[in-house]
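What follows is a short report on a single structure.
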Amino acid sequence: MSTVTPVTSTPPLVADKPSAAKTAKKRLSSPWASLAAIVLGVLWTIPTFGLLVSSFRPERAIKTTGWWTFFTNPTVTLDNYRSVFGEDGGVNLAAFFVNSLIICIPSVLIPLALAALAAYAFAWIEFPGKNILFLAVFALQIVPLQVTLIPLLEIFVNVKLTGTFWTLWLSHSAFALPLAIYLLHNFMREIPAGLIEAARIDGAGHVSIFFKVMLPLLTPALAAFGIFQFLWVWNDLLVALVFAGGGDEVAPITLQLANLSGTRGTAWQLLSAGAFVSIIVPVTVFLLLQRYFVRGLLAGSVKG
Amino acid sequence: MFGQPTSPRIRAALAGTLSAGLIFGLAACGDGGDDESGSTDASASAIDCAPYTKFGDIKGKTVTIYTGIVTPEDTPHIESYKPFENCTGATIKYEGDKSFETQILVRARAGNPPDLAIVPQPGLVKQLVSTGKAVAAPQEVSDNVDKFWDKAWKSYTTIDGKFYGAPLGASVKSLVWYSPQEFKDGGYTVPTTLDELKALSDKIAASGKKPWCAGIASGDATGWPVTDWMEDFMLRTAGPEKYDDWVSHKIPFNGPEATAALDAVGGYLKNDAYVNGGLGDVKSIATTTFQDAGLQIIDGNCSLHRQASFYAANFDKSTKVAEDGDVFAFYLPGPDANTKPVLGAGEFVVAFADRPEVKAFQTYLSSDVWANTKAKLSSGWVSANKGLDPNNLTNPIDKLAGTILLDPKATFRFDGSDQMPAAVGSDAFWKQSTAWITGQDTATTLNNIEKAWPK
């Protein structure tokens, strides 16, 4: 047996200590993790799936048996969908889509525009009391909007805005601003100061810096907050209930959805169909923009 | 956004959203046109306009009315206002909202009340009056109510000597739903006394079938159907006077009268031989929604279900609700054939403005003319207005309810839990009733409710 050892020995090749990100990636893509993800996904989807199945079942079947009996006794009807579009003189949800859009679009654009400007000021302009003000805006997120309902309504009554879309636009904007300012501010702080300085040396003032440097970089954050706000406003019932008092002209779709089941809840078989009709728009928006949703949600929060 | 080139995805999303909105919007416009052309002739019956001329020229004025009555019951309401609109040229703006009961208080407190509100509980009328925003009903309305309603109705909304709201619709709660076909096949007859009802239940139970089905689940109002059962039996075992004392807390909630009444209810609802047809044992009552329980009658699993006249709306269109149909109701009998206590509920019109057009419209709503117009238009609606001709009621269950309400022998009493303080009527009473169904004994239940009564 020869026990010759090489004269020069190179240290054995040891793999680099894997970085945290690599470990995470490895663990998350293991078969077990995939299985867990699939199980969670299925569990999370079952209620929605049941709702979808229910929406196609006949009234008596919905009221007396669970949706899973559909598989042993499949009967399909479009009656529920016909009813929510007002074929037998009930509610016609279609009529309220326009109201919901009229409410949603300004309620997204107003806070986005204001918050982007405010966030810029908080991030890159020095002025006295900036930190106190920013802290105040940040703290406003804690105030539950429910406590503002009656005082705000009193103000709207005094300035005679009730029964118009303005009440909804203004209140949704006000409720959205603290979070919007905070998110966009943090996102803007991440932008290297060198970039701003370079622009300043080139002779740019705040206005040009904001429009030419900041906005292009901000797009994902703006898009993310836009979707966030859109989904929240579209699905909102409470704010609409309190401020939209004034009849069908300003009522969003959620109000009609709540009324769909009838005065004493006897027509609740329509709710599943109604729910699916009303989620068409938010689902479309979410699916098309989900890339920004995830990216932008991370913006300004867990960087680094 | 902001003049920056938008990505194709954002553009696609915007396009998708807007086009979905446009499509539905166009669909809505189309439907709107159809509605208008179809609805004008439905209420063409002309009325006598003379009572409204004294309010002056109210042409072009608007009256807003806010209610908890939504689809499909709202259409007959809106239609029934047409004759008034044709007479006076005023416009009635109807707003239905299922959250009415909380929102009306918010709106009254914030100073944004409607002109008129249709309030379903006397207790809520009191709360609205205490906000200081409600205005007393005009003399014309008061006269109409004296003329067309039983005295008891006026007292429900008379607060500190001032009369605030005329009754509008009513519902009869003392009804038992059954299958006429099953009664015919089994040789059963509709009972006319409480003893006969018990005998009938025993007879059906002896045939191997659970006679009663019940359900009390109703979201955060779970338990309310038991309160109706108890009130109905309180009226029958203790009598209307004791019932009034009990509702106004002149006698304690847990006194011997109430104990006897709840035990009588227990004879049905907590009797394993009687319940819960097609649904399970006694405890299944607590988990079955009130809307679904009575449907077991159609499937032949249960024979009797005690629920108000509005329950008719729960049966689907293929079910015939009539004396010779698939399902119908009979009057929950009194202690003997000549005593006819009736438990019911109703709505009241409370005003928050006293402009002439509002007064004129209130007068119209409290008249027999309106009651008859409404009766012709709607199904599932009845009023205790004595000027109402029961022949104008279109469907059989309304006719039955109308006949019960207008029967001179009937003693009407308003739903007690609707008049009690909210801490009892819409809280402790419901919760303790649910606990009672799931096993708590009668004494503990009544003691707990008594403790919850505000001092």
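The way I read the labels, and the way they are meant: chains A, B, ... in the order of the structure tokens, residue 1 as the first residue of every chain, and ligand 1 as the first ligand shown, with later ones counted on from there.
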(request) Excluding segment 416-432 of chain B and any residue of its chain fewer than 4 positions from it, enumerate the residues within 10 Å of it, using only C-alpha atoms, and give them as a PyMOL selection string. (result) chain B and resi 120-126+156+216+220-228+230-232+243-244+246-249+343-345+436-438+440+442+444-454
Each chain A residue no farther than 6 Å from chain B, nearest pair in Å, only C-alpha atoms, as CSV:
residue,atom,partner,partner_atom,distance
A:Gly90,CA,B:Pro72,CA,5.3
A:Ala94,CA,B:Phe24,CA,4.8
A:Ala95,CA,B:Ala28,CA,4.5
A:Phe97,CA,B:Gly21,CA,5.7
A:Val98,CA,B:Gly25,CA,5.7
A:Ile150,CA,B:Ala110,CA,5.7
A:Leu153,CA,B:Ala110,CA,6.0
A:Glu154,CA,B:Ala110,CA,4.8
A:Gly247,CA,B:Glu95,CA,4.9
A:Asn259,CA,B:Lys98,CA,5.6
A:Gly262,CA,B:Thr71,CA,5.2
A:Thr263,CA,B:Val70,CA,5.2
A:Thr266,CA,B:Asn314,CA,5.3
A:Val281,CA,B:Thr17,CA,5.8
A:Val285,CA,B:Ala13,CA,5.5
A:Leu288,CA,B:Ala13,CA,5.6
(message) Which of segment 243-299 of chain B end up as helix (DSSP H, G or I) when DSSP is run on this backbone - answer as a PyMOL selection string?
(response) chain B and resi 243-247+256-269+284-287+290-297
Serialized selection, C-alpha atoms, as a PDB file, in the first residue's frame:
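Everything below was put into again_38.pdb:
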ATOM      1  CA  TYR B 243     -98.691  40.944  27.205  1.00  0.00           C
ATOM      2  CA  ASP B 244     -98.699  44.759  27.151  1.00  0.00           C
ATOM      3  CA  ASP B 245     -97.478  44.874  30.751  1.00  0.00           C
ATOM      4  CA  TRP B 246     -94.740  42.408  29.920  1.00  0.00           C
ATOM      5  CA  VAL B 247     -93.600  44.378  26.864  1.00  0.00           C
ATOM      6  CA  PRO B 256     -94.794  33.300  36.087  1.00  0.00           C
ATOM      7  CA  GLU B 257     -96.687  34.450  32.942  1.00  0.00           C
ATOM      8  CA  ALA B 258     -93.538  34.555  30.847  1.00  0.00           C
ATOM      9  CA  THR B 259     -92.303  31.260  32.269  1.00  0.00           C
ATOM     10  CA  ALA B 260     -95.578  29.586  31.330  1.00  0.00           C
ATOM     11  CA  ALA B 261     -95.423  31.053  27.826  1.00  0.00           C
ATOM     12  CA  LEU B 262     -91.841  29.969  27.164  1.00  0.00           C
ATOM     13  CA  ASP B 263     -92.553  26.512  28.559  1.00  0.00           C
ATOM     14  CA  ALA B 264     -95.511  26.273  26.199  1.00  0.00           C
ATOM     15  CA  VAL B 265     -93.178  27.113  23.309  1.00  0.00           C
ATOM     16  CA  GLY B 266     -90.769  24.499  24.647  1.00  0.00           C
ATOM     17  CA  GLY B 267     -93.609  21.977  24.367  1.00  0.00           C
ATOM     18  CA  TYR B 268     -93.191  22.387  20.624  1.00  0.00           C
ATOM     19  CA  LEU B 269     -89.680  23.555  19.873  1.00  0.00           C
ATOM     20  CA  SER B 284     -80.502  21.837  14.503  1.00  0.00           C
ATOM     21  CA  ILE B 285     -83.064  24.642  14.946  1.00  0.00           C
ATOM     22  CA  ALA B 286     -80.244  26.956  15.982  1.00  0.00           C
ATOM     23  CA  THR B 287     -78.170  26.261  12.882  1.00  0.00           C
ATOM     24  CA  PHE B 290     -85.223  30.910   9.156  1.00  0.00           C
ATOM     25  CA  GLN B 291     -85.503  31.257   5.394  1.00  0.00           C
ATOM     26  CA  ASP B 292     -84.730  27.591   4.752  1.00  0.00           C
ATOM     27  CA  ALA B 293     -86.544  25.738   7.533  1.00  0.00           C
ATOM     28  CA  GLY B 294     -90.054  25.897   6.080  1.00  0.00           C
ATOM     29  CA  LEU B 295     -88.937  24.622   2.674  1.00  0.00           C
ATOM     30  CA  GLN B 296     -88.984  21.132   4.212  1.00  0.00           C
ATOM     31  CA  ILE B 297     -92.773  21.238   3.889  1.00  0.00           C
TER      32      ILE B 297
END
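Minimum atom-to-atom distances from A:Ile105, A:Asp202, A:Lys25, A:Leu149 to Leu238 of chain A were compared using only C-alpha atoms, and the lowest value belongs to A:Leu149.
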